[in-house]
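Asks: Sharing coords_9.cif here; it has mmCIF, C-alpha atoms and all ligand atoms.
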```
data_upload
loop_
_atom_site.label_atom_id
_atom_site.label_comp_id
_atom_site.auth_asym_id
_atom_site.auth_seq_id
_atom_site.Cartn_x
_atom_site.Cartn_y
_atom_site.Cartn_z
CA MET A 1298 101.80 118.73 74.38
CA HIS A 1299 100.93 122.40 74.75
CA GLU A 1300 97.31 121.47 75.51
CA ALA A 1301 98.09 121.78 79.23
CA THR A 1302 99.07 125.42 78.69
CA ILE A 1303 95.88 126.00 76.75
CA ALA A 1304 93.78 124.33 79.46
CA GLN A 1305 95.41 126.61 82.06
CA SER A 1306 94.61 129.70 80.02
CA ILE A 1307 90.98 128.63 79.63
CA LEU A 1308 90.60 128.05 83.36
CA GLU A 1309 92.31 131.36 84.08
CA ILE A 1310 89.79 133.15 81.85
CA ALA A 1311 86.88 131.31 83.55
CA ARG A 1312 88.21 132.10 87.01
CA LEU A 1313 88.39 135.81 86.24
CA ARG A 1314 84.83 135.75 84.91
CA VAL A 1315 83.43 133.98 87.96
CA ALA A 1316 85.34 136.16 90.40
CA ALA A 1317 83.06 139.09 89.54
CA HIS A 1318 80.02 137.17 90.92
CA ASP A 1319 79.83 136.44 94.64
CA GLY A 1320 79.37 132.77 95.41
CA ALA A 1321 79.16 131.75 91.77
CA ARG A 1322 80.69 128.65 90.26
CA VAL A 1323 81.56 127.77 86.71
CA GLU A 1324 79.27 125.11 85.22
CA ARG A 1325 80.44 125.09 81.64
CA VAL A 1326 83.09 126.75 79.52
CA ARG A 1327 82.59 126.84 75.76
CA VAL A 1328 85.62 126.99 73.55
CA GLU A 1329 85.92 127.15 69.76
CA ILE A 1330 88.89 125.59 68.00
CA GLY A 1331 89.60 126.10 64.33
CA ALA A 1332 90.92 123.31 62.14
CA PHE A 1333 94.01 125.44 61.44
CA ARG A 1334 95.08 125.47 65.06
CA ASN A 1335 97.33 122.79 66.47
CA VAL A 1336 95.05 121.82 69.30
CA ASP A 1337 94.01 118.27 69.91
CA PRO A 1338 90.49 118.25 71.41
CA GLU A 1339 90.94 115.03 73.34
CA ALA A 1340 94.26 116.06 74.82
CA LEU A 1341 92.76 119.42 75.75
CA SER A 1342 89.72 117.88 77.50
CA PHE A 1343 91.99 115.50 79.35
CA ALA A 1344 94.30 118.30 80.47
CA PHE A 1345 91.33 120.46 81.49
CA ASP A 1346 89.80 117.78 83.72
CA GLY A 1347 93.21 117.03 85.18
CA ILE A 1348 93.87 120.55 86.43
CA LYS A 1349 90.46 122.11 87.09
CA GLN A 1350 90.71 121.14 90.78
CA ASP A 1351 93.44 123.74 91.10
CA TYR A 1352 91.10 126.56 90.06
CA ASP A 1353 88.66 128.08 92.55
CA CYS A 1354 85.02 127.76 91.56
CA CYS A 1355 85.89 125.59 88.54
CA HIS A 1356 85.96 122.18 90.23
CA GLU A 1357 82.81 121.01 88.45
CA ALA A 1358 83.33 122.96 85.25
CA ARG A 1359 82.67 121.12 82.01
CA LEU A 1360 84.56 121.97 78.88
CA GLU A 1361 82.49 122.13 75.69
CA LEU A 1362 84.43 122.27 72.47
CA ARG A 1363 83.15 123.49 69.14
CA LEU A 1364 85.37 122.51 66.23
CA ILE A 1365 85.34 124.94 63.33
CA GLU A 1366 86.14 123.79 59.82
CA ALA A 1367 88.54 125.75 57.72
CA LEU A 1368 87.08 128.00 55.05
CA ALA A 1369 89.45 129.54 52.54
CA VAL A 1370 89.45 132.01 49.69
CA CYS A 1371 91.71 130.73 46.93
CA GLN A 1372 94.63 132.90 46.00
CA LYS A 1373 94.15 133.22 42.23
CA GLN A 1374 90.41 133.47 41.65
CA ARG A 1375 89.00 134.11 45.10
CA HIS A 1376 86.78 131.04 45.12
CA ASN A 1377 85.49 130.03 48.53
CA TYR A 1378 86.40 126.47 49.46
CA SER A 1379 87.12 124.09 52.32
CA PRO A 1380 90.83 123.30 52.22
CA SER A 1381 91.69 119.67 52.91
CA ALA A 1382 94.91 117.67 52.97
CA GLU A 1383 93.40 115.35 50.36
CA TYR A 1384 93.62 118.11 47.72
CA GLY A 1385 96.82 119.57 49.09
CA PHE A 1386 94.73 122.38 50.62
CA ARG A 1387 94.18 123.70 47.11
CA CYS A 1388 91.03 125.05 45.51
CA GLU A 1389 89.19 122.26 43.69
CA LEU A 1390 87.97 124.65 41.00
CA CYS A 1391 91.22 126.29 39.93
CA ASN A 1392 93.96 124.47 41.85
CA SER A 1393 95.39 127.60 43.42
CA GLY A 1394 96.47 127.66 47.05
CA ILE A 1395 95.05 129.29 50.14
CA GLY A 1396 94.86 133.04 49.78
CA GLU A 1397 93.11 133.80 53.05
CA LEU A 1398 91.51 131.76 55.75
CA LEU A 1399 88.03 133.07 56.53
CA ALA A 1400 87.57 130.49 59.27
CA GLY A 1401 89.67 127.86 60.94
CA GLU A 1402 92.13 129.90 62.97
CA GLU A 1403 89.88 130.41 66.01
CA LEU A 1404 91.10 129.55 69.47
CA ASN A 1405 88.73 131.34 71.82
CA VAL A 1406 86.66 131.04 74.91
CA VAL A 1407 83.19 132.09 73.74
CA SER A 1408 81.04 131.65 76.82
CA CYS A 1409 80.96 130.69 80.45
CA VAL A 1410 77.86 129.35 82.12
CA LEU A 1411 77.95 130.40 85.76
CA SER A 1412 75.78 129.05 88.53
CA THR A 1413 75.01 131.95 90.85
CA PRO A 1414 73.17 131.93 94.18
CA VAL A 1415 69.72 133.55 94.08
CA GLN A 1416 68.77 135.86 96.95
CA GLU A 1417 65.51 134.56 98.48
CA GLY A 1418 62.62 136.88 99.35
CA MET B 61 68.81 128.30 95.12
CA HIS B 62 71.05 128.80 92.15
CA GLU B 63 70.43 130.10 88.70
CA SER B 64 72.53 129.68 85.58
CA VAL B 65 73.87 132.74 83.87
CA ASP B 66 75.27 132.32 80.40
CA GLN B 67 77.92 134.93 79.64
CA HIS B 68 78.88 135.33 76.01
CA PHE B 69 82.12 136.95 74.94
CA VAL B 70 85.11 136.16 72.76
CA GLU B 71 88.46 135.91 74.43
CA GLY B 72 91.56 134.63 72.68
CA ILE B 73 92.95 131.78 74.73
CA LEU B 74 96.57 132.54 73.94
CA ARG B 75 96.10 136.31 74.11
CA ASN B 76 98.54 136.50 76.98
CA ASN B 77 101.33 135.03 74.87
CA ASP B 78 100.44 137.28 71.96
CA GLU B 79 100.62 140.39 74.15
CA ILE B 80 104.04 139.47 75.49
CA ALA B 81 105.14 138.76 71.92
CA GLU B 82 104.14 142.31 70.98
CA HIS B 83 106.13 143.60 73.90
CA ASN B 84 109.16 141.58 72.72
CA ARG B 85 108.65 143.04 69.27
CA GLU B 86 108.91 146.52 70.76
CA HIS B 87 112.22 145.55 72.35
CA PHE B 88 113.54 144.27 69.04
CA ASP B 89 112.37 147.37 67.20
CA GLU B 90 113.89 149.74 69.75
CA SER B 91 117.29 148.33 68.96
CA GLY B 92 116.56 147.62 65.30
CA LEU B 93 117.20 143.95 65.84
CA PHE B 94 115.76 141.93 62.96
CA THR B 95 114.49 138.73 64.52
CA ILE B 96 113.90 135.35 62.92
CA ASN B 97 112.20 132.38 64.54
CA LEU B 98 113.61 129.12 63.14
CA MET B 99 111.38 126.09 63.50
CA SER B 100 111.59 122.47 62.41
CA ALA B 101 111.28 118.89 63.57
CA PRO B 102 114.17 117.66 65.75
CA GLY B 103 117.40 117.38 63.81
CA ALA B 104 116.33 119.05 60.56
CA GLY B 105 119.49 121.15 60.67
CA LYS B 106 118.68 124.43 62.46
CA THR B 107 121.92 124.66 64.43
CA SER B 108 123.98 123.55 61.43
CA LEU B 109 122.33 126.22 59.28
CA LEU B 110 123.10 128.90 61.86
CA SER B 111 126.70 127.71 62.18
CA ALA B 112 127.08 128.24 58.43
CA THR B 113 124.92 131.35 58.02
CA ILE B 114 126.28 133.61 60.73
CA PRO B 115 129.97 133.42 59.72
CA ALA B 116 128.94 133.98 56.10
CA LEU B 117 127.17 137.21 57.12
CA SER B 118 129.78 138.32 59.63
CA ASP B 119 131.73 140.70 57.43
CA ARG B 120 128.66 142.96 57.25
CA TYR B 121 126.23 141.87 59.95
CA ARG B 122 126.44 141.05 63.63
CA SER B 123 124.22 138.23 64.77
CA LEU B 124 123.11 136.81 68.04
CA VAL B 125 121.46 133.46 68.65
CA VAL B 126 118.91 132.40 71.23
CA GLU B 127 118.76 128.63 71.52
CA GLY B 128 115.65 126.92 72.81
CA ASP B 129 116.04 123.36 74.02
CA MET B 130 114.25 121.23 76.56
CA VAL B 131 117.51 120.31 78.29
CA GLY B 132 121.14 121.34 78.31
CA GLU B 133 123.26 123.81 76.40
CA LEU B 134 124.52 121.50 73.68
CA ASP B 135 123.45 123.64 70.72
CA ALA B 136 124.52 126.93 72.33
CA ASP B 137 127.94 125.40 73.07
CA ARG B 138 128.23 124.16 69.49
CA LEU B 139 127.66 127.70 68.25
CA ARG B 140 130.00 129.25 70.85
CA ASN B 141 132.71 126.87 69.68
CA ASN B 142 132.27 128.47 66.26
CA GLY B 143 132.73 131.93 67.75
CA ILE B 144 129.01 132.74 67.67
CA THR B 145 127.35 134.50 70.60
CA ALA B 146 124.53 132.31 71.83
CA HIS B 147 122.16 132.42 74.80
CA GLN B 148 120.40 129.31 75.91
CA ILE B 149 116.80 129.07 77.06
CA THR B 150 116.11 125.72 78.67
CA THR B 151 112.40 125.06 78.43
CA GLY B 152 112.20 122.06 80.77
CA ARG B 153 108.99 120.19 80.09
CA SER B 154 107.78 122.62 77.50
CA CYS B 155 108.17 121.47 73.90
CA HIS B 156 108.28 125.02 72.49
CA LEU B 157 109.55 128.46 73.33
CA ASP B 158 106.92 130.97 74.38
CA ALA B 159 106.99 134.74 74.38
CA ALA B 160 107.43 134.96 78.17
CA MET B 161 110.62 132.88 78.06
CA VAL B 162 112.08 135.17 75.43
CA ASN B 163 110.89 138.18 77.42
CA ARG B 164 112.67 137.00 80.58
CA LEU B 165 115.85 136.62 78.59
CA LEU B 166 115.50 140.09 77.08
CA HIS B 167 115.15 141.55 80.55
CA HIS B 168 118.13 139.68 81.96
CA VAL B 169 120.66 139.97 79.20
CA SER B 170 121.93 143.33 78.10
CA LEU B 171 121.96 143.18 74.34
CA PRO B 172 124.81 144.96 72.59
CA SER B 173 123.38 147.92 70.68
CA ASN B 174 125.08 147.23 67.37
CA LEU B 175 123.39 143.96 66.51
CA ASP B 176 121.69 143.25 63.19
CA PHE B 177 120.17 139.77 63.32
CA LEU B 178 118.69 137.80 66.16
CA PHE B 179 118.11 134.16 65.27
CA ILE B 180 115.89 132.25 67.67
CA GLU B 181 116.21 128.50 67.28
CA ASN B 182 112.99 127.02 68.58
CA VAL B 183 112.68 123.60 70.19
CA GLY B 184 112.63 120.86 67.54
CA ASN B 185 108.88 120.34 66.98
CA LEU B 186 106.56 121.01 64.04
CA VAL B 187 103.42 121.39 66.13
CA CYS B 188 103.59 123.45 69.31
CA PRO B 189 105.92 126.31 68.27
CA ALA B 190 103.37 127.33 65.65
CA GLU B 191 100.95 128.36 68.41
CA PHE B 192 103.38 130.64 70.25
CA PRO B 193 104.65 133.69 68.41
CA LEU B 194 107.69 135.17 70.13
CA GLY B 195 107.62 138.65 68.63
CA GLU B 196 109.79 137.71 65.65
CA HIS B 197 109.74 139.62 62.37
CA LYS B 198 109.99 136.53 60.17
CA ARG B 199 109.35 132.85 60.61
CA VAL B 200 111.35 130.21 58.82
CA VAL B 201 110.55 126.49 58.78
CA LEU B 202 113.17 123.89 57.92
CA LEU B 203 112.27 120.51 56.46
CA SER B 204 115.10 118.08 55.81
CA VAL B 205 114.88 115.86 52.75
CA THR B 206 115.14 112.78 54.99
CA GLU B 207 111.78 113.57 56.57
CA GLY B 208 109.65 113.08 53.46
CA ALA B 209 107.95 115.49 51.07
CA ASP B 210 104.50 115.01 52.59
CA LYS B 211 105.26 116.83 55.85
CA PRO B 212 103.65 120.14 54.81
CA LEU B 213 100.37 118.25 54.33
CA LYS B 214 100.68 116.71 57.78
CA TYR B 215 101.70 119.88 59.61
CA PRO B 216 99.86 122.56 57.63
CA VAL B 217 99.59 125.09 60.43
CA ILE B 218 103.30 125.79 60.79
CA PHE B 219 103.75 125.91 57.00
CA ARG B 220 100.80 128.27 56.65
CA GLN B 221 102.23 130.75 59.13
CA CYS B 222 105.81 130.98 57.94
CA ASP B 223 107.53 133.40 55.58
CA ALA B 224 110.07 130.97 54.21
CA VAL B 225 110.64 127.23 54.01
CA ILE B 226 114.09 125.69 53.67
CA PHE B 227 114.51 122.16 52.40
CA THR B 228 117.73 121.14 54.13
CA LYS B 229 120.32 118.39 53.59
CA CYS B 230 119.86 118.51 49.82
CA ASP B 231 123.25 116.83 49.40
CA LEU B 232 121.34 113.69 50.42
CA LEU B 233 118.76 113.96 47.62
CA PRO B 234 120.40 111.21 45.53
CA HIS B 235 119.99 108.81 48.47
CA VAL B 236 116.40 109.50 49.50
CA ASP B 237 113.15 109.58 47.55
CA PHE B 238 112.27 113.14 48.43
CA ASP B 239 110.34 114.69 45.53
CA LEU B 240 111.46 118.31 45.65
CA ALA B 241 108.85 119.51 43.13
CA LYS B 242 106.06 117.82 45.10
CA ALA B 243 107.30 119.28 48.37
CA MET B 244 107.26 122.77 46.85
CA GLU B 245 103.79 122.21 45.47
CA TYR B 246 102.55 121.15 48.91
CA VAL B 247 104.05 124.19 50.60
CA HIS B 248 102.60 126.55 48.01
CA GLY B 249 99.14 124.99 48.26
CA ILE B 250 99.07 125.90 51.93
CA ASN B 251 101.06 129.11 51.69
CA PRO B 252 101.43 130.49 48.15
CA GLU B 253 103.52 133.42 49.39
CA ALA B 254 106.20 131.33 51.10
CA GLN B 255 109.75 131.72 49.85
CA ILE B 256 111.33 128.33 49.30
CA PHE B 257 115.01 127.43 49.45
CA ALA B 258 116.66 124.08 48.86
CA LEU B 259 120.14 123.88 50.29
CA SER B 260 122.84 121.91 52.02
CA VAL B 261 125.41 123.12 54.52
CA LYS B 262 127.78 120.49 53.16
CA GLN B 263 128.01 122.03 49.70
CA SER B 264 129.94 125.20 49.00
CA GLY B 265 127.79 128.01 47.71
CA GLY B 266 124.64 126.21 48.85
CA LEU B 267 123.56 129.11 51.02
CA THR B 268 123.75 131.91 48.46
CA GLU B 269 120.03 132.43 47.85
CA TRP B 270 119.18 132.12 51.52
CA LEU B 271 121.83 134.69 52.44
CA GLN B 272 120.55 137.05 49.75
CA TRP B 273 117.02 136.66 51.09
CA LEU B 274 118.19 137.52 54.61
CA GLU B 275 119.93 140.63 53.31
CA ARG B 276 116.83 141.71 51.40
CA GLN B 277 114.63 141.15 54.45
CA ILE B 278 116.79 143.20 56.78
CA ALA B 279 117.10 145.96 54.18
CA GLU B 280 113.30 146.08 53.83
CA TYR B 281 112.88 146.08 57.59
CA ARG B 282 115.23 149.01 57.91
CA SER B 283 113.70 151.06 55.15
CA ASP B 284 110.25 150.50 56.69
CA ARG B 285 111.54 151.69 60.04
CA MET B 286 113.00 154.79 58.42
CA SER B 287 109.86 155.89 56.65
CA PRO B 288 108.00 158.11 59.15
CA ASP B 289 104.50 156.83 58.45
CA ALA B 290 105.43 153.18 58.54
CA SER B 291 102.24 151.80 59.95
CA ARG B 292 102.67 149.71 63.06
CA GLU B 293 99.69 147.63 62.01
CA GLU B 294 101.53 146.04 59.16
CA HIS B 295 104.25 144.78 61.42
CA HIS B 296 102.12 143.39 64.14
CA VAL B 297 102.85 139.92 65.31
CA HIS B 298 100.70 137.25 63.84
CA ILE B 299 97.57 136.98 65.94
CA THR B 300 94.98 134.59 64.71
CA ALA B 301 92.46 134.55 67.51
CA GLY B 302 89.36 136.40 66.41
N1 LIG C 1 124.23 115.55 55.07
C1 LIG C 1 123.83 116.65 55.74
N2 LIG C 1 123.69 116.59 57.07
C2 LIG C 1 123.29 117.70 57.72
C3 LIG C 1 123.06 118.91 57.04
N3 LIG C 1 122.66 119.84 57.97
C4 LIG C 1 122.67 119.21 59.16
N4 LIG C 1 123.05 117.94 59.02
C5 LIG C 1 123.21 116.93 60.10
O1 LIG C 1 121.95 116.69 60.71
C6 LIG C 1 122.11 116.45 62.10
C7 LIG C 1 121.22 117.37 62.89
O2 LIG C 1 121.62 118.71 62.65
P1 LIG C 1 121.36 119.89 63.68
O3 LIG C 1 121.90 121.12 63.08
O4 LIG C 1 121.81 119.52 65.04
O5 LIG C 1 119.77 119.93 63.67
P2 LIG C 1 118.80 120.80 64.62
O6 LIG C 1 117.58 121.09 63.82
O7 LIG C 1 119.54 121.95 65.19
O8 LIG C 1 118.45 119.74 65.76
P3 LIG C 1 117.66 120.01 67.15
O9 LIG C 1 118.13 121.33 67.67
O10 LIG C 1 118.08 118.87 68.01
O11 LIG C 1 116.22 119.99 66.80
C8 LIG C 1 123.60 116.64 62.38
O12 LIG C 1 124.21 115.38 62.43
C9 LIG C 1 124.08 117.45 61.21
O13 LIG C 1 125.43 117.23 60.90
C10 LIG C 1 123.23 118.94 55.63
O14 LIG C 1 123.04 119.98 54.95
N5 LIG C 1 123.62 117.79 55.03
MG MG C 2 119.66 122.54 67.20
ZN ZN C 3 90.01 128.78 43.00
#
```
Show how you would write the structure in this file as structure tokens.
Replies:
Amino acid sequence: MHEATIAQSILEIARLRVAAHDGARVERVRVEIGAFRNVDPEALSFAFDGIKQDYDCCHEARLELRLIEALAVCQKQRHNYSPSAEYGFRCELCNSGIGELLAGEELNVVSCVLSTPVQEG
Amino acid sequence: MHESVDQHFVEGILRNNDEIAEHNREHFDESGLFTINLMSAPGAGKTSLLSATIPALSDRYRSLVVEGDMVGELDADRLRNNGITAHQITTGRSCHLDAAMVNRLLHHVSLPSNLDFLFIENVGNLVCPAEFPLGEHKRVVLLSVTEGADKPLKYPVIFRQCDAVIFTKCDLLPHVDFDLAKAMEYVHGINPEAQIFALSVKQSGGLTEWLQWLERQIAEYRSDRMSPDASREEHHVHITAG
């Protein structure tokens, strides 16, 4: 249910980016979401399309989501592995738990595609 | 004529919340207020735990509670009826507290200077609160034995990010098929460092280990604050965005 807040923050970031370019509009916003973030992609896209009308220069913006799988280093033996609920998020080689997450905690805007007017002549 | 310009950068989407959380942390640290964010599903026993914990600490520590609820002041009133000082934050449609809500409270309420613990009871929810650090020093997640031992597997994010997990309502263990050993194993798979407590507010002495943990945590916090080269880095709020 916090996806609306996240959609607002994304549009806020896009609006600030586009504001630096006269007459530009936002075509696309790319966002990466790690598997270890509580963000539901569908709910986020829905929220984004529902509120983008309220943001200048973002009325036609499309949200592109990149989902990033979790990658962990196990706590005991530092094996790299992909933690999954199926194995209790444990390392399949040595059964130890998650030591660190190398990937999966991302929640970032990574690019904005702006459509800017070209000066003729 | 238009042309497309692709701008690449990395900007944390919840950076704004994280920055306000750091600001809150500075407030807490200025007054040496050790702050704990309590999170759980609705009804896991957060308010009951506070009602039992704070009086048990009261001969040596002064505590304050901030209650987060979507509506009303029911929980704050419950605590006040037990002689506990509680401030309510009503979140309205929001299913979690965020750092700005806590910040507004900090700027409106004058906190007594001699406080030790601040307990923030988050809105009952195992999903959204995990995304919004408030500036707390420690995070504690409650899971009642009536909810089922598999919950850590279903809500790994909140269990990954916490410092301690409390299995509550353990007086009910004989009546439910909650496998305590399994539940611990699940928590430790996700978060091997998490402290785990199993307790009941209905049983005398049930809180002993939890109370000892709280005392150790506040003692560590204070000795870190005393040491001159205590690095701020180590005590930064949890920020995951790369
Ligand atoms: N048997 C038993 N019941 C408990 C225990 N702790 C809490 N309860 C009961 O569980 C119910 C919910 O407890 P609360 O303390 O209100 O839970 P909460 O997490 O604060 O609830 P919300 O703030 O609404 O999310 C109440 O009826 C409590 O009496 C316990 O240790 N044993
Ligand atoms: Mg409560
Ligand atoms: Zn391993």
Asks: Residues up to 10 Å from ligand LIG 1 (chain C), counting all atoms listed in the file: could you list those as a PyMOL selection string?
Replies: chain B and resi 98-112+127-130+134-136+138+181-185+202-206+227-233+258-263+266-267
Asks: Quick one: of B:Gln148, B:Gln277, B:Asn76, B:Ser287, who's nearest to ligand MG 2 (chain C), counting all atoms listed in the file?
Replies: B:Gln148
Asks: As a PyMOL selection string, could you give me every residue of chain B near chain A (at most 8 Å apart, counting only C-alpha atoms)?
Replies: chain B and resi 61-74+154-155+187-188+190-191+213-214+216-217+246+248-252+300-302
Asks: So the first atom is atom ZN of ligand ZN 3 (chain C) and the second is atom CA of B:Val225; what is the distance between them in Å, to one decimal place?
Replies: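 Taking atom ZN of ligand ZN 3 (chain C) and atom CA of B:Val225, their separation equals 23.4 Å.
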Asks: In Å, rounded to a single decimal, give me how far atom CA of A:Leu1360 is from atom CA of A:Ala1344.
Replies: 10.5 Å
Asks: What's the separation between atom CA of B:Phe179 and atom CA of B:Ser123, in Å to one decimal place?
Replies: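 Between these atoms lies a distance of 7.4 Å.
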Asks: Find the residues near A:Tyr1378: any atom within 7 Å, counting only C-alpha atoms, skip ones fewer than 6 places away on the same chain, and give them as a list in words.
Replies: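 Here the qualifying residues turn out to be Leu1368, Ala1369, Val1370 and Cys1388 of chain A.
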Asks: Return the single residue from B:Gln221, B:Glu207, B:Glu253, B:Arg140 that is closest to B:Asp237, with distances computed using only C-alpha atoms.
Replies: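 Closest residue, counting only C-alpha atoms: B:Glu207.
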